[in-house]
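Asker: Right, I'll just put the structure down here and ask away after.
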Amino acid sequence: MSARSPPPRPPSAPPLCPRSRWRQDGGGHGVAEARRLRPGPPVTVSAVSRRCGLAAGRSYSGGGAYPGVSLTCPLPGVPKAVFAAAESRERFETRVTVLENGLRVASQNKFGQFCTVGVLVNSGSRHEAKYLSGISHFLEKLAFCSTAQFGSKDEILLTLEKHGGICDCQASRDTIMYAVSADARGLDTVVNLLADVTLQPRLSDEEIEMTRMAIRFELEDLNMRPDPEPLLTEMIHAAAFRDNTVGLNRFCPVENTDKIDRDVLHSYLSSYFTPDRMVLAGVGIEHEHLVECARKYLLGVEPVWGSGQGRAVDRSVAQYTGGIIKVEKDMSDVSLGPTPIPELTHIMIGLESCSFLEDDFIPFAVLNMMMGGGGSFSAGGPGKGMFTRLYLNVLNRHHWMYNATSYHHSYEDTGLLCIHASADPKQVREMVEIITREFILMAGAVGEVELERAKTQLKSMLMMNLESRPVIFEDVGRQVLATNTRKLPHELCDLISQVKPSDIKRVVTKMLHKKPAVAALGDLTDLPTYEHIQAALSSKDGRLPRLYRLFR
């Protein structure tokens, strides 16, 4: 690359870096580094260019000049860069050890000062068939309260605070999860605390009474909040799996809040909180250290409810029934204020999919991503699924629809793919027909572009979520709890890449042979009958049967 001659500098121009001298360090850097040295003779642009072999100074709009540096050619004398590379994959695999009492210890090492450790229990609302409904909800609220070693919740929080830690408990339909994030150097304290919380809770009368009040407040809030999605999710599960397993209520019914006491809780805990139904999972710690702590605090420990066998564990397999659950409700005053939400009727239609243990789970996950959707307010932005079917075919074409979103719930023995839609009560019938038509179109042609986009989006979401340490912890714990092993992210991405249009058509065809599950909330005056919705999902075009009225 030829260098231009530098423009002449006027004699009165000040020198470049009047109190600095340019020099090359060992090996010589092409762009000489300005170092402040002892005062010396001024160095001009032309001198720098001659010494470093650089292109001549270039004039800029400001009138000044700077030595031109090539952005495409390697700089002379600069050592070749050596970039950091990922080490062998084995170091990042999930390690699992089974202790003598059946407790599984699983860990995943991860760079960083902090760790996330927790206990996952194969227990949830689906196991409450022989008990009062709502026990898991109570246990979630009673977590991290007083134990045999810690006199109160405040004492637990102060102990965690010494290690920069926080704690949380979440109960779902099939799992209860106690988790702590803290400095990895406090692992011994954290595992000791987790063992005490899960096996030695005091469950005092005062704590149980406070929990009753908290649950009553939560149930009131659930019925008053503008977003009905949690309530609709409960309703669609109850309709799809009527009175069994995952169809049992996840929230404690109001009438049961006064019936659940310490004896009821101990009876349930003695059956389900056993070591063979638990996983101690950790992320960001050494496996040997976690196993050592597990042996110290979770092996041979007598739980507060005793070691006697409780009732037989409920091993029922989910039975899909289909059906409809309707709740007539005045939604006109759900959200008042300067920008009130208009009165809406909410519909959720679902069909049975498959469990997360089956091979068809991945095609269903891709299908759910391909349907996508969301709220009408966010129908235009990158990353918001603006090219998914429920945006292109529904929200972008029918301006009066406020929401159309696809959800996929999957469990160890069943699954549920559903679409939630909301609109003005006067347009409920048209809204239902639009959703049934989308279900039928799922079994039609699948474009290569939209399939590749859905697969890429699913892999992207998977990888981005797994950058978070608590998400990795939950993934490790849930997979080991269900399968005693863990599929790594690159294995899942390979499975996603292998999904073909024929796989989508196959799983949808199988799904459409099932009876639908329907949940409806709001003004249901114009809601089609369940038989008409079922007929639409059995037709070729997804249209509802026509209604003929003598008087309109």
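Chain lettering (A, B, ...) mirrors the order of the structure tokens, residue numbering begins at 1 for each chain separately, and ligand numbering begins at 1 in order of display.
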Taking 3 positions as the minimum chain separation for residues in the same chain, which residues sit within 8 Å of region 455-471 of chain A when counting only C-alpha atoms? Answer as a PyMOL selection string.
Answerer: chain A and resi 115-116+181+283-284+365-366+369+451-452+474-475+489+493+496-497
Asker: Pull the alpha helix (DSSP H) assignments for region 248-438 of chain A out of DSSP run on the backbone, and list those residues as a PyMOL selection string.
Answerer: chain A and resi 262-272+287-297+361-371+389+428-438
Asker: Contacts of Ile156 (chain A) at 12 Å or less, counting only C-alpha atoms, minus same-chain residues fewer than 4 places along, as a short mmCIF file (atom, residue, chain, number, x, y, z; two decimals) with N, CA and C atoms, in the first residue's frame?
Answerer:
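Saved file part.cif follows:
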```cif
data_model
loop_
_atom_site.label_atom_id
_atom_site.label_comp_id
_atom_site.auth_asym_id
_atom_site.auth_seq_id
_atom_site.Cartn_x
_atom_site.Cartn_y
_atom_site.Cartn_z
N ALA A 143 -41.65 -22.61 53.54
CA ALA A 143 -40.22 -22.88 53.33
C ALA A 143 -39.35 -21.79 53.95
N PHE A 144 -38.19 -22.20 54.44
CA PHE A 144 -37.19 -21.30 55.03
C PHE A 144 -37.75 -20.53 56.23
N CYS A 145 -38.66 -21.18 56.97
CA CYS A 145 -39.08 -20.65 58.27
C CYS A 145 -38.26 -21.36 59.35
N SER A 146 -38.71 -21.32 60.58
CA SER A 146 -37.90 -21.86 61.69
C SER A 146 -37.69 -23.36 61.54
N THR A 147 -36.51 -23.81 61.97
CA THR A 147 -36.14 -25.22 61.89
C THR A 147 -35.54 -25.65 63.23
N ALA A 148 -35.01 -26.88 63.28
CA ALA A 148 -34.40 -27.37 64.52
C ALA A 148 -33.19 -26.53 64.91
N GLN A 149 -32.42 -26.03 63.91
CA GLN A 149 -31.20 -25.26 64.20
C GLN A 149 -31.43 -23.75 64.19
N PHE A 150 -32.41 -23.30 63.40
CA PHE A 150 -32.62 -21.86 63.22
C PHE A 150 -33.97 -21.48 63.82
N GLY A 151 -33.94 -20.49 64.71
CA GLY A 151 -35.13 -20.13 65.47
C GLY A 151 -36.19 -19.38 64.69
N SER A 152 -35.80 -18.75 63.58
CA SER A 152 -36.78 -17.97 62.81
C SER A 152 -36.28 -17.78 61.40
N LEU A 160 -27.50 -16.52 55.75
CA LEU A 160 -27.20 -16.44 54.32
C LEU A 160 -26.53 -15.13 53.95
N GLU A 161 -26.91 -14.08 54.64
CA GLU A 161 -26.36 -12.75 54.34
C GLU A 161 -24.85 -12.72 54.54
N LYS A 162 -24.33 -13.53 55.46
CA LYS A 162 -22.88 -13.57 55.70
C LYS A 162 -22.14 -14.11 54.47
N HIS A 163 -22.84 -14.86 53.64
CA HIS A 163 -22.23 -15.41 52.42
C HIS A 163 -22.82 -14.77 51.17
N GLY A 165 -25.92 -14.47 50.34
CA GLY A 165 -26.86 -15.43 49.77
C GLY A 165 -28.31 -14.99 49.81
N ILE A 166 -29.11 -15.61 48.93
CA ILE A 166 -30.55 -15.44 48.90
C ILE A 166 -31.18 -16.83 48.79
N CYS A 167 -32.46 -16.96 49.17
CA CYS A 167 -33.12 -18.26 49.12
C CYS A 167 -34.50 -18.12 48.49
N ASP A 168 -35.01 -19.26 48.01
CA ASP A 168 -36.33 -19.24 47.37
C ASP A 168 -36.87 -20.67 47.35
N VAL A 180 -30.80 -22.05 47.04
CA VAL A 180 -30.01 -20.97 47.65
C VAL A 180 -28.90 -20.58 46.68
N THR A 189 -22.17 -24.35 54.89
CA THR A 189 -23.30 -23.71 55.60
C THR A 189 -24.58 -23.84 54.81
N VAL A 190 -24.50 -23.67 53.49
CA VAL A 190 -25.69 -23.71 52.63
C VAL A 190 -26.33 -25.10 52.65
N ASN A 192 -26.00 -27.44 54.92
CA ASN A 192 -26.52 -27.65 56.27
C ASN A 192 -27.89 -27.00 56.42
N LEU A 193 -28.02 -25.78 55.92
CA LEU A 193 -29.28 -25.04 56.01
C LEU A 193 -30.37 -25.74 55.19
N LEU A 194 -30.02 -26.16 53.96
CA LEU A 194 -31.00 -26.83 53.10
C LEU A 194 -31.49 -28.14 53.73
N ASP A 196 -31.67 -28.81 56.89
CA ASP A 196 -32.52 -28.47 58.02
C ASP A 196 -33.89 -27.99 57.56
N VAL A 197 -33.92 -27.21 56.48
CA VAL A 197 -35.18 -26.67 55.97
C VAL A 197 -36.08 -27.78 55.44
#
```
Asker: Identify, on the basis of only C-alpha atoms, every residue whose closest approach to Pro545 (chain A) does not exceed 12 Å; exclude the query and any residue fewer than 6 positions from it along the same chain; express the result as a list in words.
Answerer: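 The residues satisfying every condition are Arg429, Glu430, Val432, Glu433, Thr436, Pro528, Thr529, Tyr530, Glu531, His532, Ile533, Gln534, Ala535, Ala536, Leu537, Ser538 and Ser539 of chain A.
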Asker: For the residues in that selection, give me N, CA, C and O atoms as a CSV table (one decimal), in the first residue's frame.
Answerer:
```csv
chain,number,residue,atom,x,y,z
A,429,ARG,N,-67.3,-15.7,19.3
A,429,ARG,CA,-67.5,-16.8,18.4
A,429,ARG,C,-66.4,-16.7,17.3
A,429,ARG,O,-65.8,-17.7,16.9
A,430,GLU,N,-66.2,-15.5,16.7
A,430,GLU,CA,-65.3,-15.4,15.6
A,430,GLU,C,-63.9,-15.7,16.1
A,430,GLU,O,-63.1,-16.3,15.4
A,432,VAL,N,-63.0,-17.8,18.5
A,432,VAL,CA,-62.8,-19.2,18.7
A,432,VAL,C,-62.6,-19.9,17.4
A,432,VAL,O,-61.7,-20.8,17.2
A,433,GLU,N,-63.3,-19.5,16.3
A,433,GLU,CA,-63.1,-20.0,15.0
A,433,GLU,C,-61.7,-19.8,14.4
A,433,GLU,O,-61.1,-20.6,13.8
A,436,THR,N,-59.4,-22.3,16.2
A,436,THR,CA,-59.6,-23.7,15.7
A,436,THR,C,-59.0,-23.8,14.3
A,436,THR,O,-58.5,-24.9,14.0
A,528,PRO,N,-69.3,-20.5,21.7
A,528,PRO,CA,-69.9,-21.7,21.1
A,528,PRO,C,-69.9,-22.8,22.0
A,528,PRO,O,-69.1,-22.9,23.0
A,529,THR,N,-70.7,-23.8,21.8
A,529,THR,CA,-70.8,-25.0,22.7
A,529,THR,C,-69.6,-25.8,22.5
A,529,THR,O,-68.9,-25.7,21.5
A,530,TYR,N,-69.3,-26.7,23.5
A,530,TYR,CA,-68.2,-27.5,23.5
A,530,TYR,C,-68.2,-28.5,22.3
A,530,TYR,O,-67.2,-28.8,21.6
A,531,GLU,N,-69.4,-28.9,21.9
A,531,GLU,CA,-69.6,-29.8,20.8
A,531,GLU,C,-69.3,-29.2,19.5
A,531,GLU,O,-68.7,-29.8,18.6
A,532,HIS,N,-69.6,-27.9,19.4
A,532,HIS,CA,-69.3,-27.1,18.1
A,532,HIS,C,-67.8,-26.9,18.0
A,532,HIS,O,-67.2,-27.0,16.9
A,533,ILE,N,-67.1,-26.7,19.2
A,533,ILE,CA,-65.6,-26.5,19.1
A,533,ILE,C,-65.0,-27.8,18.7
A,533,ILE,O,-64.0,-27.9,17.9
A,534,GLN,N,-65.5,-28.9,19.3
A,534,GLN,CA,-64.9,-30.2,19.0
A,534,GLN,C,-65.2,-30.6,17.5
A,534,GLN,O,-64.3,-31.1,16.8
A,535,ALA,N,-66.3,-30.2,17.0
A,535,ALA,CA,-66.6,-30.4,15.6
A,535,ALA,C,-65.7,-29.6,14.7
A,535,ALA,O,-65.2,-30.1,13.6
A,536,ALA,N,-65.4,-28.4,15.1
A,536,ALA,CA,-64.5,-27.5,14.3
A,536,ALA,C,-63.1,-28.1,14.2
A,536,ALA,O,-62.4,-28.1,13.1
A,537,LEU,N,-62.6,-28.7,15.3
A,537,LEU,CA,-61.3,-29.3,15.4
A,537,LEU,C,-61.2,-30.6,14.6
A,537,LEU,O,-60.2,-31.2,14.4
A,538,SER,N,-62.4,-31.2,14.3
A,538,SER,CA,-62.5,-32.5,13.6
A,538,SER,C,-62.7,-32.2,12.1
A,538,SER,O,-62.7,-33.2,11.3
A,539,SER,N,-63.0,-31.0,11.7
A,539,SER,CA,-63.3,-30.7,10.3
A,539,SER,C,-62.0,-30.4,9.5
A,539,SER,O,-60.9,-30.4,10.1
```
Asker: Would you work out the distance separating CA of Asn122 (chain A) from CA of Arg277 (chain A), expressed in Å to one decimal?
Answerer: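 Value for the CA of Asn122 (chain A)-CA of Arg277 (chain A) distance: 5.3 Å.
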Asker: Rounded to one decimal place, report the CA of Thr94 (chain A)-CA of Ala294 (chain A) distance in Å.
Answerer: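 Separating CA of Thr94 (chain A) from CA of Ala294 (chain A) is a distance of 16.7 Å.
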Asker: Can you work out which one of A:Asp263, A:Asp227, A:Glu438, A:Asp360 has the shortest atom-to-atom distance to Val304 (chain A), counting only C-alpha atoms?
Answerer: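 For Val304 (chain A), the nearest of the candidates is A:Asp263.
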Asker: Please list as a compact mmCIF listing (two decimals) with all heavy atoms, in the first residue's frame every residue within 12 Å of Met442 (chain A), counting only C-alpha atoms and excluding residues in the same chain fewer than 2 positions away.
Answerer:
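Result file result15.txt:
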```txt
# COMPACT_ATOMS: atom_id res chain seq x y z
N PHE A 364 -42.67 -31.03 19.25
CA PHE A 364 -43.72 -30.21 19.86
C PHE A 364 -43.16 -28.87 20.33
O PHE A 364 -43.82 -27.83 20.22
CB PHE A 364 -44.36 -30.94 21.04
CG PHE A 364 -45.57 -31.76 20.66
CD1 PHE A 364 -45.55 -33.14 20.77
CD2 PHE A 364 -46.72 -31.15 20.19
CE1 PHE A 364 -46.66 -33.90 20.42
CE2 PHE A 364 -47.83 -31.90 19.83
CZ PHE A 364 -47.80 -33.28 19.94
N VAL A 366 -40.66 -27.27 18.95
CA VAL A 366 -40.47 -26.47 17.72
C VAL A 366 -41.82 -25.95 17.23
O VAL A 366 -41.93 -24.79 16.81
CB VAL A 366 -39.78 -27.32 16.63
CG1 VAL A 366 -39.71 -26.54 15.32
CG2 VAL A 366 -38.38 -27.72 17.08
N LEU A 367 -42.85 -26.79 17.27
CA LEU A 367 -44.19 -26.36 16.86
C LEU A 367 -44.68 -25.20 17.71
O LEU A 367 -45.23 -24.21 17.19
CB LEU A 367 -45.15 -27.55 16.96
CG LEU A 367 -46.64 -27.24 16.76
CD1 LEU A 367 -46.90 -26.76 15.34
CD2 LEU A 367 -47.50 -28.47 17.07
N ASN A 368 -44.49 -25.30 19.02
CA ASN A 368 -44.90 -24.22 19.92
C ASN A 368 -44.18 -22.92 19.58
O ASN A 368 -44.78 -21.84 19.59
CB ASN A 368 -44.63 -24.63 21.36
CG ASN A 368 -45.02 -23.56 22.35
OD1 ASN A 368 -46.16 -23.13 22.42
ND2 ASN A 368 -44.06 -23.10 23.14
N MET A 370 -42.98 -22.16 16.62
CA MET A 370 -43.45 -21.74 15.31
C MET A 370 -44.79 -21.00 15.42
O MET A 370 -45.06 -20.05 14.69
CB MET A 370 -43.60 -22.96 14.40
CG MET A 370 -43.86 -22.64 12.95
SD MET A 370 -43.79 -24.12 11.93
CE MET A 370 -45.33 -24.93 12.40
N MET A 371 -45.64 -21.42 16.37
CA MET A 371 -46.92 -20.75 16.57
C MET A 371 -46.71 -19.40 17.27
O MET A 371 -47.28 -18.39 16.86
CB MET A 371 -47.86 -21.62 17.40
CG MET A 371 -48.23 -22.94 16.74
SD MET A 371 -48.89 -22.73 15.07
CE MET A 371 -50.39 -21.83 15.41
N ARG A 389 -46.67 -17.68 13.49
CA ARG A 389 -47.98 -17.80 12.83
C ARG A 389 -49.08 -17.01 13.52
O ARG A 389 -49.95 -16.44 12.86
CB ARG A 389 -48.37 -19.28 12.76
CG ARG A 389 -47.62 -20.07 11.71
CD ARG A 389 -48.27 -21.41 11.49
NE ARG A 389 -47.58 -22.15 10.44
CZ ARG A 389 -48.01 -23.31 9.95
NH1 ARG A 389 -49.12 -23.85 10.43
NH2 ARG A 389 -47.35 -23.92 9.00
N LEU A 390 -49.08 -17.00 14.86
CA LEU A 390 -50.15 -16.30 15.56
C LEU A 390 -50.05 -14.79 15.41
O LEU A 390 -51.04 -14.08 15.59
CB LEU A 390 -50.16 -16.69 17.04
CG LEU A 390 -50.58 -18.14 17.33
CD1 LEU A 390 -50.55 -18.42 18.82
CD2 LEU A 390 -51.95 -18.44 16.75
N ASN A 393 -50.87 -14.60 11.08
CA ASN A 393 -52.21 -15.04 10.66
C ASN A 393 -53.34 -14.50 11.53
O ASN A 393 -54.49 -14.50 11.10
CB ASN A 393 -52.30 -16.57 10.66
CG ASN A 393 -51.30 -17.21 9.71
OD1 ASN A 393 -50.71 -16.53 8.87
ND2 ASN A 393 -51.11 -18.51 9.84
N LEU A 417 -50.61 -28.81 24.71
CA LEU A 417 -50.33 -27.67 23.83
C LEU A 417 -51.60 -26.85 23.73
O LEU A 417 -52.66 -27.37 23.33
CB LEU A 417 -49.89 -28.13 22.44
CG LEU A 417 -49.52 -27.01 21.47
CD1 LEU A 417 -48.12 -26.49 21.77
CD2 LEU A 417 -49.60 -27.48 20.03
N ILE A 435 -59.01 -19.49 16.16
CA ILE A 435 -58.07 -20.37 16.87
C ILE A 435 -58.21 -21.81 16.39
O ILE A 435 -57.20 -22.50 16.17
CB ILE A 435 -58.28 -20.27 18.39
CG1 ILE A 435 -58.04 -18.83 18.87
CG2 ILE A 435 -57.36 -21.23 19.12
CD1 ILE A 435 -56.71 -18.24 18.47
N THR A 436 -59.44 -22.30 16.21
CA THR A 436 -59.61 -23.67 15.72
C THR A 436 -59.04 -23.83 14.32
O THR A 436 -58.47 -24.88 13.99
CB THR A 436 -61.10 -24.07 15.74
OG1 THR A 436 -61.86 -23.12 14.98
CG2 THR A 436 -61.64 -24.13 17.16
N ARG A 437 -59.15 -22.81 13.50
CA ARG A 437 -58.56 -22.88 12.15
C ARG A 437 -57.05 -22.95 12.23
O ARG A 437 -56.40 -23.64 11.43
CB ARG A 437 -59.01 -21.68 11.32
CG ARG A 437 -60.49 -21.73 10.92
CD ARG A 437 -60.92 -20.46 10.22
NE ARG A 437 -60.21 -20.28 8.94
CZ ARG A 437 -60.33 -19.20 8.18
NH1 ARG A 437 -61.12 -18.20 8.56
NH2 ARG A 437 -59.68 -19.11 7.04
N GLU A 438 -56.45 -22.24 13.19
CA GLU A 438 -54.99 -22.30 13.34
C GLU A 438 -54.54 -23.70 13.76
O GLU A 438 -53.50 -24.18 13.33
CB GLU A 438 -54.52 -21.26 14.36
CG GLU A 438 -54.51 -19.84 13.83
CD GLU A 438 -53.68 -19.68 12.57
OE1 GLU A 438 -52.52 -20.16 12.54
OE2 GLU A 438 -54.20 -19.11 11.61
N PHE A 439 -55.33 -24.36 14.61
CA PHE A 439 -55.01 -25.74 14.97
C PHE A 439 -55.03 -26.65 13.74
O PHE A 439 -54.14 -27.49 13.56
CB PHE A 439 -55.99 -26.27 16.03
CG PHE A 439 -55.57 -26.01 17.45
CD1 PHE A 439 -56.24 -25.07 18.23
CD2 PHE A 439 -54.51 -26.70 18.02
CE1 PHE A 439 -55.85 -24.83 19.55
CE2 PHE A 439 -54.12 -26.47 19.33
CZ PHE A 439 -54.79 -25.53 20.10
N ILE A 440 -56.03 -26.49 12.89
CA ILE A 440 -56.12 -27.32 11.68
C ILE A 440 -54.97 -27.01 10.72
O ILE A 440 -54.38 -27.92 10.12
CB ILE A 440 -57.48 -27.11 10.99
CG1 ILE A 440 -58.62 -27.54 11.90
CG2 ILE A 440 -57.53 -27.87 9.67
CD1 ILE A 440 -58.58 -29.00 12.32
N GLY A 444 -51.06 -28.69 8.11
CA GLY A 444 -50.84 -28.41 6.69
C GLY A 444 -49.36 -28.30 6.36
O GLY A 444 -48.49 -28.78 7.08
N ALA A 445 -49.10 -27.62 5.25
CA ALA A 445 -47.73 -27.46 4.78
C ALA A 445 -46.93 -26.58 5.74
O ALA A 445 -47.43 -25.57 6.24
CB ALA A 445 -47.71 -26.86 3.39
N VAL A 446 -45.70 -26.99 5.98
CA VAL A 446 -44.78 -26.22 6.83
C VAL A 446 -43.63 -25.74 5.96
O VAL A 446 -42.90 -26.54 5.37
CB VAL A 446 -44.24 -27.07 8.00
CG1 VAL A 446 -43.25 -26.26 8.83
CG2 VAL A 446 -45.38 -27.57 8.86
N GLY A 447 -43.49 -24.43 5.83
CA GLY A 447 -42.43 -23.87 4.99
C GLY A 447 -41.05 -24.09 5.59
O GLY A 447 -40.90 -24.07 6.82
N LEU A 451 -39.85 -23.01 9.42
CA LEU A 451 -39.36 -24.08 10.28
C LEU A 451 -37.95 -23.79 10.75
O LEU A 451 -37.63 -23.95 11.94
CB LEU A 451 -39.41 -25.42 9.55
CG LEU A 451 -38.96 -26.64 10.36
CD1 LEU A 451 -39.85 -26.83 11.59
CD2 LEU A 451 -38.95 -27.90 9.51
N PRO A 501 -40.22 -31.06 8.46
CA PRO A 501 -41.66 -30.76 8.32
C PRO A 501 -42.54 -31.98 8.53
O PRO A 501 -43.64 -31.86 9.09
CB PRO A 501 -41.75 -30.24 6.88
CG PRO A 501 -40.39 -29.68 6.58
CD PRO A 501 -39.44 -30.55 7.33
N SER A 502 -42.07 -33.14 8.13
CA SER A 502 -42.87 -34.37 8.32
C SER A 502 -43.07 -34.68 9.80
O SER A 502 -44.10 -35.23 10.19
CB SER A 502 -42.19 -35.54 7.61
OG SER A 502 -40.87 -35.74 8.12
N ASP A 503 -42.08 -34.33 10.64
CA ASP A 503 -42.23 -34.55 12.09
C ASP A 503 -43.33 -33.67 12.66
O ASP A 503 -44.12 -34.11 13.50
CB ASP A 503 -40.91 -34.27 12.81
CG ASP A 503 -39.79 -35.21 12.39
OD1 ASP A 503 -40.08 -36.40 12.19
OD2 ASP A 503 -38.64 -34.76 12.25
N ILE A 504 -43.38 -32.42 12.22
CA ILE A 504 -44.42 -31.50 12.68
C ILE A 504 -45.80 -32.01 12.28
O ILE A 504 -46.72 -32.06 13.10
CB ILE A 504 -44.19 -30.08 12.11
CG1 ILE A 504 -42.82 -29.54 12.53
CG2 ILE A 504 -45.30 -29.14 12.55
CD1 ILE A 504 -42.64 -29.30 14.00
N LYS A 505 -45.92 -32.42 11.03
CA LYS A 505 -47.22 -32.91 10.54
C LYS A 505 -47.63 -34.17 11.29
O LYS A 505 -48.82 -34.34 11.64
CB LYS A 505 -47.13 -33.18 9.04
CG LYS A 505 -48.47 -33.55 8.42
CD LYS A 505 -48.39 -33.57 6.91
CE LYS A 505 -49.77 -33.85 6.30
NZ LYS A 505 -49.74 -33.82 4.82
N ARG A 506 -46.68 -35.05 11.58
CA ARG A 506 -47.00 -36.30 12.28
C ARG A 506 -47.53 -36.04 13.69
O ARG A 506 -48.56 -36.62 14.08
CB ARG A 506 -45.75 -37.19 12.33
CG ARG A 506 -45.90 -38.46 13.16
CD ARG A 506 -44.66 -39.32 13.05
NE ARG A 506 -43.44 -38.58 13.31
CZ ARG A 506 -43.00 -38.26 14.52
NH1 ARG A 506 -43.69 -38.64 15.59
NH2 ARG A 506 -41.89 -37.58 14.68
N VAL A 507 -46.84 -35.19 14.45
CA VAL A 507 -47.28 -34.97 15.84
C VAL A 507 -48.60 -34.20 15.89
O VAL A 507 -49.43 -34.43 16.78
CB VAL A 507 -46.18 -34.25 16.66
CG1 VAL A 507 -44.93 -35.08 16.74
CG2 VAL A 507 -45.89 -32.86 16.13
N VAL A 508 -48.82 -33.29 14.93
CA VAL A 508 -50.08 -32.53 14.92
C VAL A 508 -51.24 -33.45 14.56
O VAL A 508 -52.32 -33.38 15.17
CB VAL A 508 -49.98 -31.35 13.93
CG1 VAL A 508 -51.34 -30.69 13.77
CG2 VAL A 508 -48.97 -30.33 14.42
N THR A 509 -51.05 -34.31 13.56
CA THR A 509 -52.12 -35.25 13.17
C THR A 509 -52.52 -36.13 14.34
O THR A 509 -53.71 -36.37 14.59
CB THR A 509 -51.64 -36.11 11.99
OG1 THR A 509 -51.24 -35.26 10.91
CG2 THR A 509 -52.74 -37.05 11.53
N LYS A 510 -51.53 -36.60 15.09
CA LYS A 510 -51.81 -37.42 16.27
C LYS A 510 -52.55 -36.61 17.32
O LYS A 510 -53.49 -37.09 17.97
CB LYS A 510 -50.48 -37.95 16.83
CG LYS A 510 -50.62 -38.82 18.06
CD LYS A 510 -49.24 -39.27 18.53
CE LYS A 510 -49.33 -40.06 19.84
NZ LYS A 510 -47.98 -40.44 20.33
N MET A 511 -52.14 -35.35 17.52
CA MET A 511 -52.75 -34.49 18.54
C MET A 511 -54.21 -34.17 18.21
O MET A 511 -55.07 -34.13 19.10
CB MET A 511 -51.92 -33.20 18.65
CG MET A 511 -52.44 -32.20 19.65
SD MET A 511 -51.38 -30.74 19.77
CE MET A 511 -51.68 -29.98 18.17
N LEU A 512 -54.52 -33.95 16.93
CA LEU A 512 -55.87 -33.54 16.54
C LEU A 512 -56.90 -34.65 16.67
O LEU A 512 -58.10 -34.40 16.55
CB LEU A 512 -55.86 -33.02 15.09
CG LEU A 512 -55.20 -31.65 14.88
CD1 LEU A 512 -55.07 -31.32 13.41
CD2 LEU A 512 -55.98 -30.55 15.61
N LEU A 537 -62.63 -28.70 15.32
CA LEU A 537 -61.29 -29.29 15.35
C LEU A 537 -61.24 -30.64 14.63
O LEU A 537 -60.16 -31.17 14.39
CB LEU A 537 -60.82 -29.45 16.80
CG LEU A 537 -60.49 -28.15 17.53
CD1 LEU A 537 -60.28 -28.39 19.01
CD2 LEU A 537 -59.25 -27.50 16.93
N LYS A 540 -62.15 -30.24 8.21
CA LYS A 540 -60.99 -30.02 7.34
C LYS A 540 -60.50 -28.58 7.37
O LYS A 540 -59.33 -28.32 7.10
CB LYS A 540 -61.34 -30.41 5.90
CG LYS A 540 -61.58 -31.90 5.71
CD LYS A 540 -61.85 -32.22 4.26
CE LYS A 540 -62.05 -33.72 4.06
NZ LYS A 540 -62.32 -34.06 2.64
N ASP A 541 -61.41 -27.64 7.64
CA ASP A 541 -61.02 -26.22 7.59
C ASP A 541 -61.07 -25.53 8.95
O ASP A 541 -60.72 -24.35 9.06
CB ASP A 541 -61.90 -25.46 6.59
CG ASP A 541 -63.39 -25.59 6.93
OD1 ASP A 541 -63.72 -26.19 7.97
OD2 ASP A 541 -64.22 -25.08 6.15
N GLY A 542 -61.51 -26.22 10.00
CA GLY A 542 -61.53 -25.64 11.34
C GLY A 542 -62.67 -24.68 11.59
O GLY A 542 -62.68 -23.99 12.61
```
Asker: What's around Lys296 (chain A) at 12 Å? Count only C-alpha atoms, leave out sequence neighbours fewer than 6 positions away in its own chain, and write the answer as JSON, numbers by chain.
Answerer: {"A": [99, 188, 189, 191, 192, 195, 289, 290]}
Asker: Applying 6 Å and only C-alpha atoms, which residues near region 338-354 of chain A remain after dropping the ones on its own chain fewer than 4 positions away? List them as a ChimeraX atom specification.
Answerer: /A:331-332,414-425,516-523
Asker: Kindly indicate which residue among A:Asn109, A:Gln479, A:Ser123, A:Thr159 lies nearest to Ser270 (chain A), using only C-alpha atoms for the distances.
Answerer: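 When distances to Ser270 (chain A) are compared using only C-alpha atoms, the smallest one comes from A:Ser123.
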